[in-house]
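For reference, input-v5.txt (compact mmCIF, C-alpha atoms):
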# COMPACT_ATOMS: atom_id res chain seq x y z
CA MET A 1 -17.26 -20.19 -10.90
CA SER A 2 -13.81 -21.61 -11.36
CA SER A 3 -10.89 -19.55 -10.11
CA SER A 4 -8.16 -21.07 -12.17
CA ALA A 5 -6.18 -20.47 -15.30
CA ALA A 6 -8.44 -22.81 -17.27
CA PRO A 7 -12.08 -22.50 -16.20
CA SER A 8 -14.40 -25.45 -16.06
CA PRO A 9 -17.00 -25.24 -18.80
CA SER A 10 -19.79 -25.59 -16.26
CA HIS A 11 -18.78 -22.57 -14.21
CA ASP A 12 -19.44 -18.99 -15.33
CA ASP A 13 -19.82 -20.40 -18.82
CA HIS A 14 -22.27 -17.65 -19.67
CA GLU A 15 -19.67 -15.04 -18.81
CA LYS A 16 -16.93 -16.87 -20.67
CA HIS A 17 -18.90 -16.99 -23.91
CA ASP A 18 -19.98 -13.42 -23.48
CA HIS A 19 -16.46 -12.09 -22.98
CA GLU A 20 -14.11 -14.03 -25.18
CA GLY A 21 -14.95 -12.59 -28.54
CA GLY A 22 -18.05 -14.70 -29.27
CA ALA A 23 -21.45 -13.49 -30.39
CA PRO A 24 -23.02 -10.69 -28.33
CA ASP A 25 -25.39 -11.77 -25.60
CA PRO A 26 -28.90 -11.62 -27.08
CA CYS A 27 -30.27 -10.91 -23.63
CA ALA A 28 -28.13 -7.82 -23.12
CA GLY A 29 -29.79 -4.45 -23.12
CA PRO A 30 -32.01 -2.16 -21.05
CA ALA A 31 -34.77 -4.76 -20.85
CA ARG A 32 -32.49 -6.93 -18.74
CA GLY A 33 -31.55 -4.00 -16.50
CA LEU A 34 -27.84 -3.82 -17.33
CA TRP A 35 -25.92 -1.72 -14.80
CA SER A 36 -23.07 0.53 -15.84
CA VAL A 37 -19.66 0.23 -14.18
CA ASP A 38 -20.13 3.62 -12.57
CA GLU A 39 -23.60 2.78 -11.22
CA HIS A 40 -22.39 -0.44 -9.63
CA LEU A 41 -19.40 1.28 -8.03
CA ALA A 42 -21.55 4.15 -6.76
CA ASP A 43 -23.93 1.64 -5.17
CA ILE A 44 -21.03 -0.03 -3.36
CA LEU A 45 -19.46 3.20 -2.14
CA ALA A 46 -22.81 4.51 -0.92
CA THR A 47 -23.05 1.47 1.36
CA VAL A 48 -19.46 1.26 2.61
CA SER A 49 -18.51 3.63 5.44
CA PRO A 50 -15.10 4.24 7.04
CA LEU A 51 -14.37 1.99 10.01
CA GLU A 52 -14.62 3.44 13.51
CA PRO A 53 -11.31 4.84 14.86
CA ILE A 54 -9.33 2.93 17.49
CA GLU A 55 -6.15 3.58 19.47
CA LEU A 56 -3.26 1.39 18.33
CA GLN A 57 0.36 0.86 19.21
CA LEU A 58 2.67 2.46 16.66
CA LEU A 59 3.70 -0.65 14.75
CA ASP A 60 0.13 -1.91 14.70
CA ALA A 61 -0.89 1.40 13.13
CA GLN A 62 1.32 1.01 10.07
CA GLY A 63 -0.75 1.40 6.92
CA CYS A 64 -3.64 2.96 8.84
CA VAL A 65 -5.13 6.42 8.39
CA LEU A 66 -4.63 8.99 11.14
CA VAL A 67 -7.88 10.50 12.40
CA GLU A 68 -6.47 13.36 14.48
CA ASP A 69 -3.90 16.09 14.06
CA VAL A 70 -0.72 15.29 15.97
CA THR A 71 1.27 18.23 17.33
CA VAL A 72 4.83 18.22 18.57
CA PRO A 73 5.02 18.23 22.40
CA VAL A 74 8.81 18.67 22.56
CA ALA A 75 11.10 20.20 19.94
CA LEU A 76 13.22 17.96 17.74
CA PRO A 77 16.00 17.77 18.51
CA PRO A 78 15.21 18.71 22.12
CA PHE A 79 18.71 20.14 22.73
CA ASP A 80 21.73 21.38 20.77
CA ASN A 81 23.76 18.33 19.82
CA SER A 82 26.76 17.32 17.77
CA SER A 83 26.40 16.07 14.22
CA MET A 84 29.95 14.70 14.21
CA ASP A 85 32.44 12.76 16.31
CA GLY A 86 35.02 15.31 17.35
CA TYR A 87 35.74 18.02 19.89
CA ALA A 88 33.45 20.65 21.36
CA VAL A 89 35.35 23.94 21.35
CA ARG A 90 35.09 27.69 21.77
CA VAL A 91 35.36 29.57 18.46
CA ALA A 92 38.01 31.98 19.70
CA ASP A 93 40.31 29.13 20.74
CA VAL A 94 40.53 27.66 17.22
CA SER A 95 40.52 30.89 15.21
CA GLY A 96 43.28 30.83 12.62
CA ALA A 97 44.32 27.24 13.39
CA THR A 98 46.24 25.41 10.64
CA GLU A 99 48.18 22.16 10.32
CA GLU A 100 51.43 24.13 10.59
CA PHE A 101 50.19 26.19 13.52
CA PRO A 102 47.52 24.12 15.29
CA ALA A 103 45.48 25.28 18.24
CA VAL A 104 46.53 23.22 21.27
CA LEU A 105 43.66 22.66 23.70
CA THR A 106 43.32 20.84 27.00
CA VAL A 107 40.85 17.93 26.82
CA ILE A 108 38.65 18.00 29.92
CA GLY A 109 36.58 14.84 29.33
CA ASP A 110 34.13 12.96 27.14
CA VAL A 111 30.56 13.82 26.22
CA ALA A 112 28.73 10.75 24.95
CA ALA A 113 25.20 10.49 23.55
CA GLY A 114 22.77 10.34 26.44
CA ALA A 115 25.30 11.83 28.85
CA GLY A 116 24.30 13.98 31.79
CA GLY A 117 26.40 16.13 34.11
CA LEU A 118 28.13 17.89 31.22
CA PRO A 119 31.56 19.44 31.71
CA GLU A 120 31.85 23.18 31.05
CA VAL A 121 34.29 24.12 28.31
CA GLY A 122 36.38 27.11 29.33
CA PRO A 123 39.04 29.13 27.47
CA GLY A 124 41.75 26.90 26.01
CA GLN A 125 39.71 23.76 26.63
CA ALA A 126 37.88 21.13 24.58
CA ALA A 127 35.67 18.15 25.29
CA ARG A 128 35.65 14.98 23.22
CA ILE A 129 32.10 14.70 21.87
CA MET A 130 30.22 11.96 20.04
CA THR A 131 27.54 12.24 17.37
CA GLY A 132 24.17 12.99 18.96
CA ALA A 133 25.67 14.05 22.29
CA PRO A 134 24.48 17.35 23.82
CA LEU A 135 26.73 20.37 23.27
CA PRO A 136 28.35 21.11 26.65
CA PRO A 137 28.06 24.57 28.20
CA GLY A 138 30.73 27.00 27.05
CA ALA A 139 31.26 25.23 23.71
CA GLU A 140 30.18 27.03 20.55
CA ALA A 141 31.12 24.60 17.79
CA VAL A 142 32.31 21.09 17.06
CA VAL A 143 35.47 20.31 15.08
CA PRO A 144 35.44 16.83 13.51
CA VAL A 145 38.10 14.46 14.77
CA GLU A 146 39.58 14.43 11.24
CA TRP A 147 40.49 18.13 11.75
CA THR A 148 42.64 17.18 14.75
CA ASP A 149 45.44 14.85 15.77
CA GLY A 150 42.96 12.94 17.95
CA GLY A 151 45.14 13.64 20.99
CA THR A 152 47.97 11.49 19.68
CA GLY A 153 50.43 14.27 19.01
CA GLY A 154 50.79 13.07 15.41
CA GLY A 155 49.14 13.97 12.09
CA ALA A 156 45.48 14.14 11.18
CA ALA A 157 43.39 11.51 12.94
CA THR A 158 41.05 9.17 11.11
CA GLY A 159 38.92 8.30 14.14
CA MET A 160 38.74 8.02 17.89
CA THR A 161 40.01 5.17 19.99
CA ALA A 162 37.14 3.51 21.85
CA ALA A 163 36.72 4.95 25.35
CA SER A 164 36.73 1.46 26.85
CA ALA A 165 40.06 0.65 25.22
CA ALA A 166 41.79 3.96 25.94
CA PRO A 167 40.05 5.95 28.68
CA GLU A 168 43.05 8.26 28.82
CA GLY A 169 41.86 9.70 25.48
CA ALA A 170 39.41 11.83 27.40
CA GLY A 171 42.29 13.81 28.86
CA GLY A 172 45.54 15.33 27.72
CA GLU A 173 45.87 17.68 24.80
CA VAL A 174 44.48 17.84 21.30
CA ARG A 175 45.84 19.76 18.34
CA VAL A 176 43.18 21.34 16.12
CA HIS A 177 44.26 22.01 12.52
CA ARG A 178 41.31 24.10 11.27
CA SER A 179 39.16 26.93 12.55
CA ALA A 180 35.38 26.66 13.02
CA GLU A 181 32.52 29.14 12.98
CA ALA A 182 29.90 29.31 15.72
CA GLY A 183 27.37 26.50 15.31
CA ALA A 184 29.59 24.41 13.05
CA HIS A 185 28.54 20.73 13.14
CA VAL A 186 25.88 21.50 15.73
CA ARG A 187 22.24 20.48 15.29
CA ARG A 188 20.26 23.22 17.00
CA ALA A 189 17.29 22.44 19.23
CA GLY A 190 14.08 22.64 17.21
CA SER A 191 15.87 22.61 13.86
CA ASP A 192 13.71 19.64 12.78
CA VAL A 193 10.37 20.63 14.31
CA ARG A 194 9.46 23.03 17.10
CA ALA A 195 7.17 22.36 20.03
CA GLY A 196 3.56 23.10 19.13
CA GLU A 197 4.02 22.61 15.39
CA LEU A 198 1.86 20.18 13.41
CA ALA A 199 3.69 16.88 13.10
CA LEU A 200 1.10 14.95 11.08
CA ALA A 201 -2.34 15.96 9.85
CA ALA A 202 -5.49 13.88 10.13
CA GLY A 203 -5.88 11.79 6.99
CA THR A 204 -2.21 10.85 6.78
CA VAL A 205 -1.53 7.22 5.91
CA LEU A 206 1.09 6.01 8.37
CA GLY A 207 4.14 4.56 6.64
CA PRO A 208 7.60 3.90 8.12
CA PRO A 209 8.74 7.59 8.12
CA GLN A 210 5.52 8.70 9.82
CA ILE A 211 5.80 5.93 12.41
CA GLY A 212 9.38 7.07 13.05
CA LEU A 213 8.30 10.68 13.55
CA LEU A 214 5.57 9.67 16.00
CA ALA A 215 8.11 7.67 18.00
CA ALA A 216 10.58 10.55 17.91
CA ILE A 217 8.08 12.95 19.47
CA GLY A 218 7.22 10.43 22.15
CA ARG A 219 3.91 9.01 20.95
CA GLY A 220 3.50 5.36 21.91
CA THR A 221 -0.02 5.04 20.53
CA VAL A 222 -2.05 6.85 17.92
CA LYS A 223 -5.72 7.07 16.96
CA VAL A 224 -6.41 5.66 13.50
CA ARG A 225 -8.97 3.91 11.37
CA PRO A 226 -7.87 0.27 11.40
CA ARG A 227 -6.92 -1.67 8.31
CA PRO A 228 -10.05 -3.46 7.04
CA ARG A 229 -10.27 -7.22 7.56
CA VAL A 230 -11.09 -8.74 4.19
CA VAL A 231 -12.08 -12.39 3.91
CA VAL A 232 -11.60 -13.94 0.46
CA LEU A 233 -13.12 -17.27 -0.52
CA SER A 234 -13.41 -19.06 -3.83
CA THR A 235 -16.02 -21.63 -4.82
CA GLY A 236 -15.85 -24.70 -7.00
CA SER A 237 -15.72 -28.46 -6.44
CA GLU A 238 -13.03 -28.64 -9.11
CA LEU A 239 -10.58 -26.48 -7.13
CA VAL A 240 -7.44 -27.95 -5.55
CA GLN A 241 -4.99 -26.07 -3.37
CA PRO A 242 -1.61 -25.24 -4.97
CA GLY A 243 0.96 -27.86 -4.06
CA GLU A 244 -1.55 -30.69 -4.17
CA PRO A 245 -1.79 -33.08 -7.14
CA LEU A 246 -4.59 -32.60 -9.65
CA GLY A 247 -7.18 -35.29 -10.25
CA GLU A 248 -9.32 -35.68 -13.32
CA GLY A 249 -11.23 -32.50 -14.11
CA GLN A 250 -9.51 -30.55 -11.33
CA ILE A 251 -7.61 -27.26 -11.45
CA HIS A 252 -5.60 -25.27 -8.91
CA ASP A 253 -7.30 -22.46 -7.01
CA SER A 254 -5.64 -19.23 -8.08
CA ASN A 255 -8.28 -16.57 -7.49
CA SER A 256 -8.28 -16.70 -3.70
CA PHE A 257 -4.52 -16.20 -3.68
CA ALA A 258 -4.58 -13.37 -6.22
CA LEU A 259 -7.42 -11.55 -4.48
CA ALA A 260 -5.99 -11.98 -0.98
CA ALA A 261 -2.71 -10.53 -2.27
CA ALA A 262 -4.61 -7.69 -3.96
CA ALA A 263 -6.46 -6.94 -0.72
CA ARG A 264 -3.16 -6.69 1.13
CA ASP A 265 -1.80 -4.46 -1.60
CA ALA A 266 -4.81 -2.18 -1.14
CA GLY A 267 -4.02 -1.85 2.59
CA ALA A 268 -6.26 -4.51 4.12
CA LEU A 269 -5.63 -7.43 6.42
CA ALA A 270 -6.55 -10.37 4.19
CA TYR A 271 -7.76 -13.79 5.24
CA ARG A 272 -7.92 -16.46 2.54
CA VAL A 273 -10.39 -19.30 2.96
CA GLY A 274 -9.87 -22.62 1.21
CA ALA A 275 -12.12 -23.31 -1.77
CA VAL A 276 -15.72 -24.19 -0.93
CA ALA A 277 -17.40 -27.01 -2.85
CA ASP A 278 -20.46 -26.48 -5.02
CA ASP A 279 -22.96 -26.83 -2.21
CA ALA A 280 -25.15 -23.94 -1.14
CA GLU A 281 -25.47 -25.06 2.50
CA SER A 282 -21.71 -25.47 2.86
CA LEU A 283 -21.17 -22.03 1.40
CA ARG A 284 -23.73 -20.41 3.71
CA ALA A 285 -22.13 -22.10 6.73
CA THR A 286 -18.65 -21.00 5.69
CA ILE A 287 -19.73 -17.41 5.19
CA GLU A 288 -21.50 -17.42 8.55
CA ASP A 289 -18.31 -18.66 10.24
CA GLN A 290 -16.21 -15.94 8.57
CA LEU A 291 -18.42 -12.98 9.46
CA ILE A 292 -16.89 -12.70 12.92
CA ARG A 293 -13.55 -11.62 11.47
CA ALA A 294 -14.68 -9.69 8.39
CA ASP A 295 -15.18 -6.03 7.63
CA LEU A 296 -15.63 -7.03 3.99
CA LEU A 297 -16.33 -10.39 2.36
CA VAL A 298 -15.23 -11.21 -1.20
CA THR A 299 -16.33 -14.35 -3.03
CA THR A 300 -15.19 -15.45 -6.46
CA GLY A 301 -17.13 -17.75 -8.76
CA GLY A 302 -20.73 -18.92 -8.84
CA VAL A 303 -22.42 -15.66 -9.84
CA SER A 304 -23.60 -16.40 -13.38
CA VAL A 305 -26.43 -18.58 -14.73
CA GLY A 306 -25.03 -22.11 -14.46
CA ALA A 307 -26.73 -24.92 -12.60
CA TYR A 308 -23.84 -25.07 -10.11
CA ASP A 309 -23.45 -21.37 -9.43
CA VAL A 310 -23.87 -21.76 -5.68
CA VAL A 311 -22.94 -18.23 -4.58
CA LYS A 312 -25.99 -16.95 -6.39
CA GLU A 313 -28.07 -19.87 -5.08
CA ALA A 314 -26.90 -19.47 -1.49
CA LEU A 315 -27.22 -15.70 -1.21
CA THR A 316 -30.21 -14.82 -3.36
CA ALA A 317 -32.87 -16.41 -1.14
CA ASP A 318 -32.70 -13.93 1.72
CA GLY A 319 -32.55 -10.94 -0.59
CA GLN A 320 -29.47 -9.46 1.09
CA VAL A 321 -27.26 -9.80 -1.98
CA ASP A 322 -28.30 -8.43 -5.35
CA PHE A 323 -26.93 -10.24 -8.41
CA ARG A 324 -26.75 -8.07 -11.47
CA LYS A 325 -25.28 -7.81 -14.95
CA LEU A 326 -22.91 -5.00 -15.81
CA ALA A 327 -22.19 -3.40 -19.15
CA MET A 328 -18.52 -4.34 -19.02
CA GLN A 329 -16.09 -6.91 -20.38
CA PRO A 330 -14.78 -8.92 -18.64
CA GLY A 331 -16.83 -9.18 -15.46
CA LYS A 332 -20.44 -8.93 -16.56
CA PRO A 333 -21.99 -10.94 -13.67
CA GLN A 334 -21.54 -9.30 -10.27
CA GLY A 335 -23.14 -9.48 -6.85
CA PHE A 336 -23.27 -6.98 -4.01
CA GLY A 337 -25.04 -6.71 -0.70
CA ALA A 338 -24.67 -6.68 3.08
CA ILE A 339 -25.10 -9.81 5.19
CA GLY A 340 -25.36 -10.86 8.82
CA ALA A 341 -26.47 -8.95 11.88
CA GLU A 342 -23.63 -6.46 11.43
CA GLN A 343 -24.49 -5.97 7.74
CA ILE A 344 -21.03 -6.82 6.49
CA PRO A 345 -20.55 -5.77 2.85
CA LEU A 346 -20.17 -8.70 0.46
CA LEU A 347 -18.91 -8.45 -3.11
CA ALA A 348 -19.46 -11.52 -5.28
CA LEU A 349 -17.07 -11.57 -8.23
CA PRO A 350 -16.99 -13.77 -11.33
CA GLY A 351 -14.81 -16.87 -11.30
CA ASN A 352 -12.69 -16.47 -14.41
CA PRO A 353 -9.29 -15.18 -13.26
CA VAL A 354 -9.11 -12.01 -15.35
CA SER A 355 -12.76 -11.18 -14.69
CA SER A 356 -12.15 -11.67 -11.00
CA TYR A 357 -9.04 -9.51 -10.84
CA VAL A 358 -10.43 -6.70 -13.01
CA SER A 359 -13.57 -6.69 -10.86
CA PHE A 360 -11.42 -6.46 -7.75
CA GLU A 361 -9.54 -3.45 -9.09
CA LEU A 362 -12.71 -1.66 -10.15
CA PHE A 363 -14.95 -2.42 -7.17
CA VAL A 364 -13.26 -4.14 -4.23
CA ARG A 365 -10.15 -1.99 -4.02
CA PRO A 366 -12.17 1.27 -3.81
CA ALA A 367 -14.38 -0.35 -1.14
CA ILE A 368 -11.31 -1.28 0.92
CA ARG A 369 -9.92 2.23 0.58
CA ALA A 370 -13.28 3.68 1.62
CA LEU A 371 -13.30 1.48 4.74
CA MET A 372 -9.82 2.80 5.54
CA GLY A 373 -11.04 6.38 5.26
CA VAL A 374 -8.51 7.50 2.66
CA GLU A 375 -9.40 10.20 0.16
CA ASP A 376 -7.76 8.57 -2.86
CA LEU A 377 -9.89 5.50 -3.57
CA HIS A 378 -8.77 4.68 -7.07
CA ARG A 379 -5.69 3.67 -9.00
CA PRO A 380 -4.02 6.52 -10.93
CA THR A 381 -5.03 6.92 -14.58
CA VAL A 382 -3.23 8.43 -17.56
CA ARG A 383 -3.91 8.97 -21.23
CA ALA A 384 -1.73 6.91 -23.56
CA VAL A 385 -1.43 6.18 -27.27
CA LEU A 386 -2.25 2.64 -28.40
CA ALA A 387 0.83 0.85 -29.70
CA ALA A 388 -0.53 -2.14 -31.65
CA ASP A 389 -0.16 -3.76 -35.06
CA GLU A 390 -3.88 -3.83 -35.71
CA ALA A 391 -7.13 -2.31 -34.50
CA LEU A 392 -8.69 -3.61 -31.29
CA PRO A 393 -12.36 -4.66 -31.43
CA SER A 394 -14.66 -3.92 -28.51
CA PRO A 395 -18.27 -4.99 -27.92
CA ALA A 396 -20.87 -2.30 -28.44
CA GLY A 397 -22.42 -1.00 -25.24
CA ARG A 398 -19.75 -2.53 -23.00
CA ARG A 399 -16.83 -0.85 -21.28
CA GLN A 400 -13.90 -3.13 -22.05
CA PHE A 401 -10.83 -3.53 -19.87
CA LEU A 402 -7.82 -5.00 -21.66
CA ARG A 403 -4.49 -5.88 -20.11
CA GLY A 404 -1.42 -3.98 -21.24
CA THR A 405 2.04 -2.62 -20.56
CA TYR A 406 2.55 1.12 -20.21
CA ASP A 407 5.63 2.90 -21.54
CA ARG A 408 5.88 6.08 -19.49
CA ALA A 409 8.68 7.59 -21.57
CA ALA A 410 6.86 7.07 -24.87
CA GLY A 411 3.40 7.76 -23.47
CA SER A 412 2.14 4.59 -25.13
CA VAL A 413 0.39 1.40 -24.10
CA THR A 414 0.69 -2.07 -25.65
CA PRO A 415 -1.95 -4.79 -25.23
CA VAL A 416 -0.87 -8.03 -23.54
CA GLY A 417 -2.70 -11.24 -24.44
CA GLY A 418 -6.22 -11.35 -25.81
CA ALA A 419 -9.62 -10.47 -24.44
CA GLY A 420 -10.25 -13.91 -22.93
CA SER A 421 -11.21 -13.79 -19.27
CA HIS A 422 -9.20 -16.96 -18.50
CA LEU A 423 -5.81 -15.68 -19.71
CA ILE A 424 -4.09 -15.39 -16.35
CA ALA A 425 -0.56 -15.65 -17.80
CA ALA A 426 -1.10 -12.46 -19.80
CA LEU A 427 -2.48 -10.75 -16.70
CA ALA A 428 0.71 -11.61 -14.79
CA HIS A 429 2.75 -9.67 -17.36
CA ALA A 430 0.51 -6.60 -17.46
CA ASP A 431 1.00 -3.42 -15.46
CA CYS A 432 -2.11 -1.55 -16.55
CA LEU A 433 -5.64 -1.82 -17.89
CA LEU A 434 -6.68 -0.26 -21.20
CA VAL A 435 -10.17 1.22 -20.95
CA VAL A 436 -12.29 1.15 -24.09
CA PRO A 437 -15.50 3.20 -23.67
CA GLU A 438 -18.96 1.74 -24.17
CA ASP A 439 -19.58 3.68 -27.39
CA THR A 440 -16.37 2.53 -29.07
CA GLU A 441 -16.34 -0.64 -31.17
CA THR A 442 -12.89 -0.28 -32.74
CA VAL A 443 -9.69 1.32 -31.43
CA GLU A 444 -7.14 2.05 -34.16
CA PRO A 445 -3.37 2.04 -33.53
CA GLY A 446 -2.28 5.52 -32.49
CA ALA A 447 -5.60 6.33 -30.81
CA GLU A 448 -5.51 7.73 -27.29
CA LEU A 449 -7.00 5.68 -24.46
CA GLU A 450 -7.53 5.98 -20.74
CA VAL A 451 -5.10 3.68 -18.91
CA VAL A 452 -5.44 2.47 -15.31
CA LEU A 453 -1.98 1.97 -13.78
CA LEU A 454 -1.78 -1.15 -11.62
CA GLY A 455 1.79 -0.88 -10.35

Encoded form using C-alpha cells:
Amino acid sequence: MSSSAAPSPSHDDHEKHDHEGGAPDPCAGPARGLWSVDEHLADILATVSPLEPIELQLLDAQGCVLVEDVTVPVALPPFDNSSMDGYAVRVADVSGATEEFPAVLTVIGDVAAGAGGLPEVGPGQAARIMTGAPLPPGAEAVVPVEWTDGGTGGGAATGMTAASAAPEGAGGEVRVHRSAEAGAHVRRAGSDVRAGELALAAGTVLGPPQIGLLAAIGRGTVKVRPRPRVVVLSTGSELVQPGEPLGEGQIHDSNSFALAAAARDAGALAYRVGAVADDAESLRATIEDQLIRADLLVTTGGVSVGAYDVVKEALTADGQVDFRKLAMQPGKPQGFGAIGAEQIPLLALPGNPVSSYVSFELFVRPAIRALMGVEDLHRPTVRAVLAADEALPSPAGRRQFLRGTYDRAAGSVTPVGGAGSHLIAALAHADCLLVVPEDTETVEPGAELEVVLLG
C-alpha cells in the first residue's frame, strides 16, 4: 500500500513479489478469474460518462471541451485597417514616387486605433495612421513611415514622434519616397473570418488560441464540459509528507503527488489529500468527506492481500467496489467501482510507485478524458525497435509494461531501469512504456514493440 520509492514489506507485498522477477504467482490463472487489461479498461469506460455541460467564463473554460458549434457574429477584422504605422494615401497621389522625386502630400490629421470621426483623404492629401486603425474614407493604401520623411523634410524616417510630444506632426507636409498599390498594408474586413462562418466546432478542446478567438468574436462565455474534479489520496501509516523528517520505518508519500500531477496533465482539476493511516474507518470517513468535490476518486495502496490493506477492507463490505487481479505487470491488483449517492467512480490503484503510475496511465487517464468528453482517450502509440544489450524476459500470460526512452529519429526504444515496481528513479527518466504482449516471454534486441509515448 506504500506510495514511496521504497515500499514497506507489509504493503502490497503480494504485488511486489509477483512483479519484480520472482517466481510466478501459483494462484494466477483462469481459476482465479484474472482480468485482462482490455477487459478492466472496458469496464471502467462503460461506467464513466461525460460530465454535463455548463456555461463558463472564457478563462475558466481553458482546457475544457466545447459542446456547441460557435459561429462568427461579426467579421474579423470588422473593418479595413492598417497593418503598419504610416500614412493613408490615394494610389494616384504616390504613383511613381521616388527618393529623388518624392510625392509631397498635405497631412490632414491622425487616425489612431479605436478612432472615430475619420477624416476624408482627398487628392493630394494623406492622414497619419497607426497600426490597427481604420482606413479613412478616400484612402486606398498605407505607405509605411519608413517610406517617407515622417514630415520632417529630411531623409527616410525611422518612426513617428509620439502625438503627445509633437501634436504638430498631424499636420504639415509629408514626402513619400515609394509608390503603393491599392490595398497595400491594409487588412481587409473579413480577411480572417467572415460573419456566419464556423469559428470553432463542437468537440474542440479550448487552448489559448481558441480562447483568444472566442474573445475576438465577442464571446464572453461558452458552453463546455467542465474539467473533471479528481481527488487523489494515498494510504499507509508509514507515509510522511515531503519536507517533514522521517522517523523509523517511515517513507515520504510520493504517489499522491505523482498522481495529482498526472491528473492535471490529463486535463483534470486535481485535489491531493494527505496520506490516510491504515485504519478502515478513517479511510471511509475521508472518502465520504471528499465525495462532495469529486467527479472521480483515485486511491493508491491497500488493494492487495496484506493484513493492513485497508482500501480493500474499507470498500469491499458494501459491494460497491470490485477488487480484481489483472493479467499485467506491474499493477496486478486493481479496484474499481462507484460509491456514494451520486455513484462517483473510484479507481483503487496499487501502492508501489511504478505500479501506481502505470495503472494511472492505462486506466485513470482514459477515464478522465472520457469525463471531459474528448474523442482521443489514450496516449499516442508507435512501433519501435528494441535497443538493448540482452533479451528482455516477460512473465507468461501477463502484459508487461516496462519503462523506456524513445528515439524518434532512430525509431528505437531503450529500457530504463528494471522491472521492479518500486523503481521510481528509473520512471522519472522514462518518456515511454514498452508493451510486451501476454504471449511473449522473451523479447530479443532488434525486435519491434508497441510503445506508449508519455511526453

ask   = Quick one: residues within 6 Å of range 283-294 of chain A, all atoms listed in the file counted, chain neighbours fewer than 4 positions away excluded, as a list in words?
value = Arg229, Val230 and Val231 of chain A

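Closest to Val298 in chain A among A:Pro395, A:Pro415, A:Gly337, A:Gly33 is A:Gly337, based on only C-alpha atoms.
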
inquiry  = I'd like the interatomic distance between CA of Glu238 in chain A and CA of Asp278 in chain A, to a tenth of an Å.
reply    =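 Computing it gives 8.8 Å between the two atoms.
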
task = Have a look at CA of Ala410 in chain A and CA of Ser394 in chain A and let me know their distance in Å, one decimal.
result =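 Computing it gives 24.4 Å between the two atoms.
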
task = Kindly extract all protein, DNA and RNA residues lying within 8 Å of the coordinates (-20.4, -3.1, -14.3) given in the file, considering all atoms listed in the file, and supply them as a list in words.
result =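 Here is the list of nearby residues: Trp35, Ser36, Val37, Asp38, Glu39, His40, Leu41, Lys325, Leu326, Ala327, Met328, Gly331, Lys332 and Gln334 of chain A.
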
ask   = Which is closer to Glu438 in chain A than all the others in A:Gln329, A:Ala270, A:Ile368, A:Phe360, using all atoms listed in the file?
value =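 Looking at the shortest contact to Glu438 in chain A, the residue is A:Gln329.
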
ask   = Could you state the separation of CA of Ala387 in chain A and CA of Leu449 in chain A in Å, given to one decimal place?
value =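 These two atoms are separated by 10.6 Å.
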
message = If we count only C-alpha atoms and set the cut-off at 12 Å, which residues sit around His429 in chain A, ignoring sequence neighbours fewer than 6 positions away in its own chain? Please answer as a VMD selection string.
response = chain A and resid 403 to 406 414 to 417 423 454 to 455

ask   = Hey, can you pull every residue with an atom no more than 12 Å from (-12.3, 4.9, -0.6), using all atoms listed in the file, and send it as a PyMOL selection string?
value = chain A and resi 41-42+44-51+65+228+266-267+362-379

message = Using all atoms listed in the file for the distances, tell me which of A:Asn352, A:Thr316, A:Ser256, A:Ser191 is nearest to Pro77 in chain A.
response =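 Smallest separation from Pro77 in chain A among the options: A:Ser191.
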
Report the centre and edge lengths, in Å to one decimal, of an axis-aligned box enclosing every atom of range 35-44 of chain A listed in the file, padded by 3 Å on each side, as JSON.
{"center_x": -22.7, "center_y": 1.2, "center_z": -9.6, "size_x": 12.5, "size_y": 11.9, "size_z": 18.5}

note = Among A:Ile424, A:Val72, A:Val145, A:Val436, Ala88 in chain A is approached most closely, using all atoms listed in the file, by A:Val145

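Nearest residue to Ser95 in chain A, choosing from A:Ala258, A:Pro134, A:His177, A:Glu68 and counting only C-alpha atoms: A:His177.
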
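Minimum distance to Gly351 in chain A across A:Pro78, A:Gly96, A:Gly207, A:Gly335 (counting all atoms listed in the file) occurs at A:Gly335.
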
Contacts of range 182-188 of chain A at 8 Å or less, counting only C-alpha atoms, minus same-chain residues fewer than 6 places along, as a JSON list (two decimals) with C-alpha atoms, in the coordinates of the input?
[["chain", "number", "residue", "atom", "x", "y", "z"],
["A", 77, "PRO", "CA", 16.00, 17.77, 18.51],
["A", 79, "PHE", "CA", 18.71, 20.14, 22.73],
["A", 80, "ASP", "CA", 21.73, 21.38, 20.77],
["A", 81, "ASN", "CA", 23.76, 18.33, 19.82],
["A", 82, "SER", "CA", 26.76, 17.32, 17.77],
["A", 83, "SER", "CA", 26.40, 16.07, 14.22],
["A", 84, "MET", "CA", 29.95, 14.70, 14.21],
["A", 91, "VAL", "CA", 35.36, 29.57, 18.46],
["A", 135, "LEU", "CA", 26.73, 20.37, 23.27],
["A", 140, "GLU", "CA", 30.18, 27.03, 20.55],
["A", 141, "ALA", "CA", 31.12, 24.60, 17.79],
["A", 142, "VAL", "CA", 32.31, 21.09, 17.06],
["A", 143, "VAL", "CA", 35.47, 20.31, 15.08],
["A", 144, "PRO", "CA", 35.44, 16.83, 13.51]]
